[in-house]
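Student: Structure file structure.cif, mmCIF, C-alpha atoms and all ligand atoms, is pasted below:
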data_run
loop_
_atom_site.label_atom_id
_atom_site.label_comp_id
_atom_site.auth_asym_id
_atom_site.auth_seq_id
_atom_site.Cartn_x
_atom_site.Cartn_y
_atom_site.Cartn_z
CA MET Y 1 -56.28 -4.36 128.40
CA LEU Y 2 -59.92 -5.25 127.72
CA LYS Y 3 -59.11 -5.54 124.06
CA GLU Y 4 -56.46 -8.17 124.82
CA ASN Y 5 -58.84 -10.06 127.12
CA LEU Y 6 -61.46 -10.08 124.39
CA SER Y 7 -58.98 -11.34 121.78
CA LYS Y 8 -58.01 -14.17 124.10
CA VAL Y 9 -61.67 -15.16 124.60
CA GLU Y 10 -62.29 -14.88 120.87
CA SER Y 11 -59.36 -17.14 120.01
CA ASP Y 12 -60.48 -19.66 122.66
CA ILE Y 13 -63.97 -19.71 121.13
CA ARG Y 14 -62.49 -20.38 117.72
CA MET Y 15 -60.28 -23.11 119.11
CA ALA Y 16 -63.23 -24.83 120.80
CA CYS Y 17 -65.29 -24.55 117.59
CA LYS Y 18 -62.49 -26.07 115.58
CA LYS Y 19 -62.11 -28.93 118.01
CA CYS Y 20 -65.75 -29.99 117.66
CA GLY Y 21 -66.38 -28.96 114.06
CA ARG Y 22 -68.75 -26.06 114.74
CA ASP Y 23 -68.81 -22.71 113.01
CA ARG Y 24 -67.96 -19.57 115.01
CA SER Y 25 -71.23 -18.02 113.83
CA GLU Y 26 -73.22 -20.59 115.84
CA ILE Y 27 -72.05 -19.04 119.10
CA THR Y 28 -73.05 -15.69 120.58
CA LEU Y 29 -70.60 -14.22 123.05
CA ILE Y 30 -72.39 -12.28 125.79
CA ALA Y 31 -70.12 -9.88 127.65
CA VAL Y 32 -71.28 -10.02 131.27
CA SER Y 33 -70.83 -6.47 132.46
CA LYS Y 34 -72.49 -6.52 135.90
CA THR Y 35 -70.80 -4.14 138.40
CA LYS Y 36 -68.65 -2.65 135.62
CA PRO Y 37 -68.82 1.05 134.69
CA VAL Y 38 -70.24 2.15 131.35
CA ASN Y 39 -66.86 3.31 130.01
CA MET Y 40 -65.68 -0.30 130.15
CA LEU Y 41 -68.78 -1.46 128.30
CA GLN Y 42 -68.17 1.24 125.70
CA GLU Y 43 -64.62 -0.04 125.23
CA ILE Y 44 -65.91 -3.53 124.45
CA TYR Y 45 -68.70 -2.09 122.31
CA ASP Y 46 -66.02 -0.35 120.25
CA GLU Y 47 -64.54 -3.79 119.61
CA ARG Y 48 -67.87 -4.66 117.98
CA VAL Y 49 -69.46 -6.58 120.85
CA ARG Y 50 -73.23 -5.93 120.90
CA ASP Y 51 -74.49 -8.49 123.41
CA PHE Y 52 -74.21 -7.53 127.08
CA GLY Y 53 -75.43 -9.47 130.10
CA GLU Y 54 -76.55 -7.99 133.40
CA ASN Y 55 -78.06 -9.64 136.46
CA LYS Y 56 -79.97 -6.72 137.96
CA ALA Y 57 -82.94 -4.91 136.46
CA GLN Y 58 -81.88 -1.62 137.98
CA GLU Y 59 -78.39 -1.85 136.49
CA ILE Y 60 -79.83 -2.50 133.04
CA CYS Y 61 -82.05 0.56 133.36
CA GLU Y 62 -79.14 2.75 134.44
CA LYS Y 63 -76.75 1.61 131.72
CA TYR Y 64 -79.38 1.41 128.99
CA GLY Y 65 -79.73 5.16 128.64
CA GLN Y 66 -75.99 5.81 128.62
CA LEU Y 67 -74.94 3.48 125.85
CA PRO Y 68 -75.71 3.05 122.13
CA ASP Y 69 -79.17 1.74 121.38
CA ASP Y 70 -78.07 -1.11 119.14
CA ILE Y 71 -76.83 -3.02 122.19
CA ARG Y 72 -78.70 -6.22 122.89
CA TRP Y 73 -79.23 -6.45 126.65
CA HIS Y 74 -79.58 -9.89 128.20
CA MET Y 75 -81.19 -10.31 131.60
CA ILE Y 76 -79.24 -13.19 133.13
CA GLY Y 77 -79.97 -12.81 136.84
CA HIS Y 78 -82.68 -14.05 139.16
CA MET Y 79 -85.72 -11.84 138.68
CA GLN Y 80 -88.31 -10.59 141.07
CA ARG Y 81 -91.72 -10.16 139.52
CA ASN Y 82 -91.95 -6.48 140.39
CA LYS Y 83 -88.83 -5.80 138.30
CA VAL Y 84 -90.17 -7.23 135.05
CA LYS Y 85 -92.01 -4.02 134.22
CA SER Y 86 -88.84 -1.94 134.17
CA VAL Y 87 -86.88 -4.07 131.71
CA ILE Y 88 -89.51 -5.64 129.47
CA ASP Y 89 -88.95 -3.08 126.71
CA LYS Y 90 -85.16 -2.95 127.13
CA VAL Y 91 -83.93 -6.53 127.00
CA CYS Y 92 -83.71 -8.86 124.02
CA LEU Y 93 -83.81 -12.06 126.07
CA ILE Y 94 -84.58 -13.07 129.65
CA HIS Y 95 -82.36 -16.05 130.49
CA SER Y 96 -83.71 -16.62 133.98
CA MET Y 97 -87.36 -17.64 133.70
CA ASP Y 98 -87.78 -20.43 136.25
CA THR Y 99 -91.29 -20.27 137.70
CA TYR Y 100 -94.78 -20.08 136.25
CA ARG Y 101 -95.52 -17.01 138.37
CA LEU Y 102 -92.59 -15.16 136.82
CA ALA Y 103 -93.63 -16.27 133.33
CA GLU Y 104 -97.15 -14.98 133.99
CA GLU Y 105 -95.84 -11.57 134.95
CA ILE Y 106 -93.57 -11.44 131.89
CA ASN Y 107 -96.60 -12.35 129.81
CA ILE Y 108 -98.71 -9.55 131.32
CA GLN Y 109 -96.04 -6.91 130.83
CA ALA Y 110 -95.20 -8.10 127.31
CA LYS Y 111 -98.87 -7.90 126.38
CA LYS Y 112 -99.01 -4.30 127.62
CA HIS Y 113 -96.12 -3.45 125.33
CA ARG Y 114 -97.61 -5.48 122.48
CA LEU Y 115 -94.55 -7.67 122.18
CA VAL Y 116 -93.66 -11.31 122.46
CA MET Y 117 -90.82 -11.68 124.95
CA PRO Y 118 -88.16 -14.29 124.20
CA VAL Y 119 -87.11 -16.17 127.34
CA LEU Y 120 -84.95 -19.10 128.32
CA LEU Y 121 -85.94 -21.62 130.91
CA GLN Y 122 -83.28 -21.67 133.62
CA VAL Y 123 -82.46 -25.16 134.82
CA ASN Y 124 -80.59 -26.02 138.01
CA ILE Y 125 -78.96 -28.94 136.29
CA ALA Y 126 -76.65 -29.97 139.14
CA GLY Y 127 -79.36 -29.58 141.78
CA GLU Y 128 -77.34 -27.11 143.81
CA GLN Y 129 -79.14 -25.71 146.88
CA SER Y 130 -77.70 -22.25 146.35
CA LYS Y 131 -78.83 -21.81 142.76
CA SER Y 132 -82.10 -20.76 141.24
CA GLY Y 133 -83.56 -22.54 138.26
CA VAL Y 134 -86.13 -25.27 137.85
CA ALA Y 135 -85.10 -28.83 138.70
CA ARG Y 136 -84.31 -30.95 135.66
CA GLU Y 137 -87.26 -33.26 136.41
CA ASP Y 138 -89.68 -30.30 136.44
CA ALA Y 139 -88.42 -28.51 133.33
CA LEU Y 140 -90.74 -30.16 130.83
CA LEU Y 141 -93.82 -29.57 132.97
CA LEU Y 142 -92.94 -25.88 133.36
CA ALA Y 143 -92.35 -25.58 129.61
CA GLU Y 144 -95.77 -27.13 128.99
CA GLU Y 145 -97.49 -24.70 131.35
CA VAL Y 146 -95.69 -21.67 129.99
CA SER Y 147 -96.39 -22.68 126.40
CA ARG Y 148 -100.00 -21.56 126.94
CA LEU Y 149 -98.93 -17.97 127.51
CA GLU Y 150 -99.12 -16.07 124.26
CA ASN Y 151 -96.84 -13.12 124.87
CA LEU Y 152 -93.73 -15.02 125.65
CA ARG Y 153 -91.75 -17.56 123.79
CA ILE Y 154 -89.31 -20.09 125.23
CA GLU Y 155 -86.35 -20.13 122.88
CA GLY Y 156 -84.20 -22.55 124.83
CA LEU Y 157 -82.51 -23.37 128.11
CA MET Y 158 -80.01 -21.67 130.38
CA THR Y 159 -77.92 -23.02 133.21
CA ILE Y 160 -75.28 -21.83 135.63
CA ALA Y 161 -72.99 -24.81 136.09
CA PRO Y 162 -71.25 -25.44 139.41
CA PHE Y 163 -68.12 -23.52 140.26
CA VAL Y 164 -65.30 -25.97 139.60
CA GLU Y 165 -61.52 -25.91 139.31
CA ASN Y 166 -61.49 -28.26 136.37
CA PRO Y 167 -63.95 -27.32 133.60
CA GLU Y 168 -64.09 -30.97 132.53
CA ASP Y 169 -66.11 -31.62 135.68
CA ASN Y 170 -68.98 -29.64 134.14
CA ARG Y 171 -69.00 -31.50 130.83
CA ILE Y 172 -71.58 -33.97 132.12
CA TYR Y 173 -73.95 -31.13 133.08
CA PHE Y 174 -73.60 -29.41 129.71
CA ARG Y 175 -74.30 -32.71 128.02
CA GLU Y 176 -77.40 -33.23 130.17
CA MET Y 177 -78.63 -29.75 129.25
CA LYS Y 178 -78.29 -30.52 125.55
CA GLN Y 179 -80.19 -33.76 126.03
CA LEU Y 180 -82.93 -31.99 127.98
CA ALA Y 181 -83.30 -29.47 125.16
CA VAL Y 182 -83.63 -32.32 122.66
CA ASP Y 183 -86.26 -34.02 124.84
CA ILE Y 184 -88.33 -30.84 125.21
CA LYS Y 185 -88.04 -29.98 121.52
CA ARG Y 186 -89.43 -33.38 120.66
CA LYS Y 187 -92.71 -32.47 122.39
CA ASN Y 188 -93.40 -29.78 119.78
CA LEU Y 189 -95.00 -27.40 122.26
CA ASP Y 190 -96.62 -24.14 121.15
CA ASN Y 191 -94.40 -21.11 121.68
CA VAL Y 192 -91.44 -23.30 122.54
CA SER Y 193 -88.40 -23.77 120.32
CA MET Y 194 -85.14 -25.12 121.63
CA GLU Y 195 -82.59 -23.29 119.50
CA VAL Y 196 -80.73 -21.57 122.30
CA LEU Y 197 -78.51 -23.16 124.91
CA SER Y 198 -77.05 -20.50 127.19
CA MET Y 199 -74.28 -22.16 129.16
CA GLY Y 200 -70.59 -21.70 129.84
CA MET Y 201 -68.90 -18.90 131.80
CA THR Y 202 -65.29 -17.74 132.11
CA GLY Y 203 -64.08 -20.98 133.67
CA ASP Y 204 -65.77 -23.45 131.37
CA TYR Y 205 -67.04 -21.91 128.13
CA MET Y 206 -64.79 -23.98 125.89
CA VAL Y 207 -66.23 -27.22 127.26
CA ALA Y 208 -69.74 -25.74 126.99
CA ILE Y 209 -69.16 -24.95 123.30
CA GLU Y 210 -67.99 -28.50 122.68
CA GLU Y 211 -71.22 -29.74 124.25
CA GLY Y 212 -73.51 -27.53 122.19
CA ALA Y 213 -73.76 -24.08 123.82
CA THR Y 214 -75.09 -21.41 121.46
CA MET Y 215 -74.65 -18.55 123.94
CA ILE Y 216 -71.78 -18.21 126.37
CA ARG Y 217 -71.77 -15.64 129.17
CA VAL Y 218 -68.30 -14.33 129.93
CA GLY Y 219 -67.65 -11.71 132.60
CA THR Y 220 -64.31 -12.06 134.36
CA GLY Y 221 -62.56 -13.28 131.20
CA ILE Y 222 -63.34 -9.97 129.48
CA PHE Y 223 -63.69 -7.35 132.22
CA GLY Y 224 -61.46 -8.83 134.93
CA GLU Y 225 -62.42 -9.69 138.49
CA ARG Y 226 -65.49 -8.06 139.99
CA ASN Y 227 -65.01 -6.03 143.13
CA TYR Y 228 -68.36 -6.15 144.91
CA GLY Y 229 -66.95 -4.24 147.87
CA LYS Y 230 -66.58 -1.05 145.87
CA VAL Y 231 -69.97 -1.04 144.21
C1 LIG H 301 -71.77 -13.27 136.61
C2 LIG H 301 -72.42 -14.23 135.71
C3 LIG H 301 -71.73 -14.77 134.61
C4 LIG H 301 -70.30 -14.46 134.29
O1 LIG H 301 -69.44 -15.08 135.18
P1 LIG H 301 -67.85 -15.09 134.93
O2 LIG H 301 -67.38 -16.27 135.71
O3 LIG H 301 -67.33 -13.80 135.47
O4 LIG H 301 -67.61 -15.23 133.48
C5 LIG H 301 -72.44 -15.63 133.77
N1 LIG H 301 -73.73 -15.94 134.01
C6 LIG H 301 -74.42 -15.45 135.05
C7 LIG H 301 -75.84 -15.83 135.24
C8 LIG H 301 -73.79 -14.57 135.94
O5 LIG H 301 -74.49 -14.09 136.97
#
Turn the structure described in the file into structure tokens.

Tutor:
Amino acid sequence: MLKENLSKVESDIRMACKKCGRDRSEITLIAVSKTKPVNMLQEIYDERVRDFGENKAQEICEKYGQLPDDIRWHMIGHMQRNKVKSVIDKVCLIHSMDTYRLAEEINIQAKKHRLVMPVLLQVNIAGEQSKSGVAREDALLLAEEVSRLENLRIEGLMTIAPFVENPEDNRIYFREMKQLAVDIKRKNLDNVSMEVLSMGMTGDYMVAIEEGATMIRVGTGIFGERNYGKV
């Protein structure tokens, strides 16, 4: 079942790449495994997926010890500062850095572990009340402030686009994200590169790829619907 889901996603990715003349290797598929049991993650791992996304620090810590250590864990959820400590040495990328205070804490914990933590700046590109992320207008200023911190490195931008029926409705937001990345890159800030654009989920990843996504985060499309009631 999961294998078929994954093949479908994989062929969609290839189709989107073909449509816009990109190479499949430019896109990292992150399997978003939140709420799913480790045996399902193992099944996808056995299909050679190595990038997994989770939105809770505690869930990363629980699953981390039970699965192979060559998995790259991505923290994609809103983060409280007191949770940074527990995942700093377990995740390969924090997608959800959106305040200076959070960046400061990541910097402190990274320093303790003598590492430089790669992060993405999360942008609330559609200005939705319900979503975290820095406002588009404030993104450059935050990048400038964070660029002074030595133990973290902003590798790009992340967004969660609005929930829409028609993925075409999000094209404008993906395009704005790409433009914002270009604008920030142009400033040549220390510790800031803009190589990564994490955008596109089950409903809209093909459009996101066409607009320049380098990481797509797919949960439902691979693992099926999430049942929060049972967890
Ligand atoms: C849950 C989640 C996803 C995956 O959503 P699907 O619609 O199930 O693909 C992607 N990104 C973030 C930040 C999430 O929390």

Student: Any idea what's packed within 12 Å of Y:Leu140, counting all atoms listed in the file, ignoring anything in its chain fewer than 2 positions away? Could you give it as a ChimeraX atom specification?

Tutor: /Y:98,121-123,134-138,142-147,154,156-157,180-189,192,194

Student: Atom CA of Y:Val196 and atom CA of Y:Arg226, how far apart in Å?

Tutor: 27.0 Å

Student: Which residue is closest to Y:Met215? Choose from Y:Asp51, Y:Glu104, Y:Asp46, Y:Asp89 and count all atoms listed in the file.

Tutor: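 Of Y:Asp51, Y:Glu104, Y:Asp46, Y:Asp89, the one nearest Y:Met215, counting all atoms listed in the file, is Y:Asp51.
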
Student: Could you list, as number ranges by chain, all the residues within 10 Å of ligand LIG 301 (chain H), counting only C-alpha atoms and all ligand atoms?

Tutor: Y: 30-35, 53-56, 74-78, 95-96, 122, 132, 158-161, 163, 198-205, 216-226

Student: Calculated over all atoms listed in the file, which of the candidates Y:Tyr64, Y:Arg114, Y:Leu120, Y:Arg50 has the smallest distance to Y:Leu93?

Tutor: Y:Leu120

Student: Would you mind reading off the distance between atom CA of Y:Asn227 and atom CA of Y:Gly133, one decimal, in Å?

Tutor: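 If I compute the distance from atom CA of Y:Asn227 to atom CA of Y:Gly133, I get 25.3 Å.
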
Student: I'd like the contact shell of Y:Asn151 - 10 Å cut-off, all atoms listed in the file, skipping same-chain residues fewer than 5 positions apart - returned as a count of residues only.

Tutor: 16

Student: Quick one: everything within 8 Å of stretch 22-28 of chain Y, counting all atoms listed in the file, minus sequence neighbours fewer than 3 positions away in the same chain. Send it as a PyMOL selection string.

Tutor: chain Y and resi 13-14+17-19+51+209+213-216

Student: Atom CA of Y:Ile60 and atom CA of Y:Glu43, how far apart in Å?

Tutor: 17.3 Å

Student: So, counting only C-alpha atoms, which residue among Y:Asn5, Y:Glu210, Y:Cys61, Y:Val49 is closest to Y:Glu168?

Tutor: Y:Glu210

Student: Between Y:Glu211, Y:Glu47, Y:Glu62, Y:Asp70, which one has atoms that come closest to Y:Leu6, using only C-alpha atoms?

Tutor: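 For Y:Leu6, the nearest of the candidates is Y:Glu47.
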
Student: Can you pull out every residue within 8 Å of Y:Pro162, counting all atoms listed in the file, but drop anything in the same chain fewer than 3 positions away, and send it as a list in words?

Tutor: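 In the requested form, the answer reads Ala126, Glu128 and Asn170 of chain Y.
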
Student: Would you mind telling me which residue in Y:Ser86, Y:Gln179, Y:Ser7, Y:Thr99 lies nearest to Y:Leu141 when using only C-alpha atoms?

Tutor: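 Among the listed residues, the smallest separation from Y:Leu141 belongs to Y:Thr99.
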
Student: With only C-alpha atoms as the counted atoms, please give the residues lying no more than 10 Å from Y:Gln80, apart from itself and same-chain residues fewer than 6 positions off, as a PyMOL selection string.

Tutor: chain Y and resi 56-57+102+105

Student: Build an axis-aligned box that encloses every atom of stretch 159-177 of chain Y listed in the file, pad it by 8 Å on each side, and report its centre and edge lengths in Å to one decimal, as lines of an AutoDock Vina configuration file.

Tutor:
center_x = -70.1
center_y = -27.9
center_z = 134.1
size_x = 33.1
size_y = 28.1
size_z = 28.2

Student: Taking into account only C-alpha atoms, which residue in the set Y:Pro167, Y:Gln129, Y:Met206, Y:Tyr228 is nearest to Y:Glu10?

Tutor: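 Smallest separation from Y:Glu10 among the options: Y:Met206.
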
Student: Output requested as a compact mmCIF listing (two decimals), in the coordinates of the input - stretch 24-35 of chain Y, filled out with all heavy atoms.

Tutor:
# COMPACT_ATOMS: atom_id res chain seq x y z
N ARG Y 24 -67.97 -20.68 114.05
CA ARG Y 24 -67.96 -19.57 115.01
C ARG Y 24 -69.31 -18.84 115.06
O ARG Y 24 -69.74 -18.37 116.11
CB ARG Y 24 -66.83 -18.59 114.66
CG ARG Y 24 -66.84 -17.27 115.42
CD ARG Y 24 -66.55 -17.48 116.90
NE ARG Y 24 -66.68 -16.25 117.69
CZ ARG Y 24 -67.80 -15.79 118.23
NH1 ARG Y 24 -68.95 -16.44 118.06
NH2 ARG Y 24 -67.82 -14.69 118.95
N SER Y 25 -69.96 -18.76 113.91
CA SER Y 25 -71.23 -18.02 113.83
C SER Y 25 -72.36 -18.68 114.62
O SER Y 25 -73.40 -18.07 114.86
CB SER Y 25 -71.64 -17.86 112.37
OG SER Y 25 -71.92 -19.13 111.82
N GLU Y 26 -72.18 -19.91 115.05
CA GLU Y 26 -73.22 -20.59 115.84
C GLU Y 26 -73.23 -20.12 117.30
O GLU Y 26 -74.15 -20.44 118.05
CB GLU Y 26 -72.99 -22.11 115.85
CG GLU Y 26 -73.16 -22.78 114.50
CD GLU Y 26 -72.74 -24.25 114.55
OE1 GLU Y 26 -72.99 -24.92 115.57
OE2 GLU Y 26 -72.15 -24.72 113.56
N ILE Y 27 -72.18 -19.41 117.69
CA ILE Y 27 -72.05 -19.04 119.10
C ILE Y 27 -72.11 -17.53 119.30
O ILE Y 27 -71.40 -16.77 118.65
CB ILE Y 27 -70.74 -19.61 119.70
CG1 ILE Y 27 -70.87 -21.13 119.83
CG2 ILE Y 27 -70.45 -19.04 121.08
CD1 ILE Y 27 -69.98 -21.89 118.96
N THR Y 28 -72.98 -17.10 120.21
CA THR Y 28 -73.05 -15.69 120.58
C THR Y 28 -72.29 -15.48 121.88
O THR Y 28 -72.57 -16.15 122.87
CB THR Y 28 -74.52 -15.26 120.79
OG1 THR Y 28 -75.25 -15.51 119.58
CG2 THR Y 28 -74.62 -13.78 121.15
N LEU Y 29 -71.35 -14.57 121.83
CA LEU Y 29 -70.60 -14.22 123.05
C LEU Y 29 -71.34 -13.08 123.75
O LEU Y 29 -71.55 -12.01 123.17
CB LEU Y 29 -69.18 -13.77 122.69
CG LEU Y 29 -68.38 -13.12 123.83
CD1 LEU Y 29 -68.15 -14.09 124.98
CD2 LEU Y 29 -67.05 -12.57 123.30
N ILE Y 30 -71.76 -13.33 124.98
CA ILE Y 30 -72.39 -12.28 125.79
C ILE Y 30 -71.36 -11.77 126.79
O ILE Y 30 -70.82 -12.54 127.58
CB ILE Y 30 -73.63 -12.82 126.53
CG1 ILE Y 30 -74.67 -13.33 125.53
CG2 ILE Y 30 -74.25 -11.73 127.42
CD1 ILE Y 30 -75.84 -14.06 126.17
N ALA Y 31 -71.07 -10.49 126.71
CA ALA Y 31 -70.12 -9.88 127.65
C ALA Y 31 -70.88 -9.53 128.93
O ALA Y 31 -71.77 -8.68 128.92
CB ALA Y 31 -69.50 -8.63 127.03
N VAL Y 32 -70.56 -10.23 130.00
CA VAL Y 32 -71.28 -10.02 131.27
C VAL Y 32 -70.66 -8.85 132.03
O VAL Y 32 -69.56 -8.96 132.57
CB VAL Y 32 -71.30 -11.31 132.12
CG1 VAL Y 32 -71.97 -11.05 133.47
CG2 VAL Y 32 -72.03 -12.42 131.37
N SER Y 33 -71.39 -7.74 132.03
CA SER Y 33 -70.83 -6.47 132.46
C SER Y 33 -71.31 -6.01 133.83
O SER Y 33 -71.09 -4.86 134.22
CB SER Y 33 -71.14 -5.41 131.41
OG SER Y 33 -72.51 -5.47 131.02
N LYS Y 34 -71.97 -6.89 134.57
CA LYS Y 34 -72.49 -6.52 135.90
C LYS Y 34 -71.37 -5.93 136.76
O LYS Y 34 -70.24 -6.43 136.72
CB LYS Y 34 -73.12 -7.73 136.59
CG LYS Y 34 -72.15 -8.87 136.83
CD LYS Y 34 -72.89 -10.16 137.22
CE LYS Y 34 -71.91 -11.24 137.61
NZ LYS Y 34 -72.50 -12.57 137.61
N THR Y 35 -71.70 -4.91 137.51
CA THR Y 35 -70.80 -4.14 138.40
C THR Y 35 -69.77 -3.28 137.66
O THR Y 35 -69.06 -2.50 138.29
CB THR Y 35 -70.02 -5.02 139.45
OG1 THR Y 35 -68.91 -5.65 138.80
CG2 THR Y 35 -70.90 -6.06 140.10
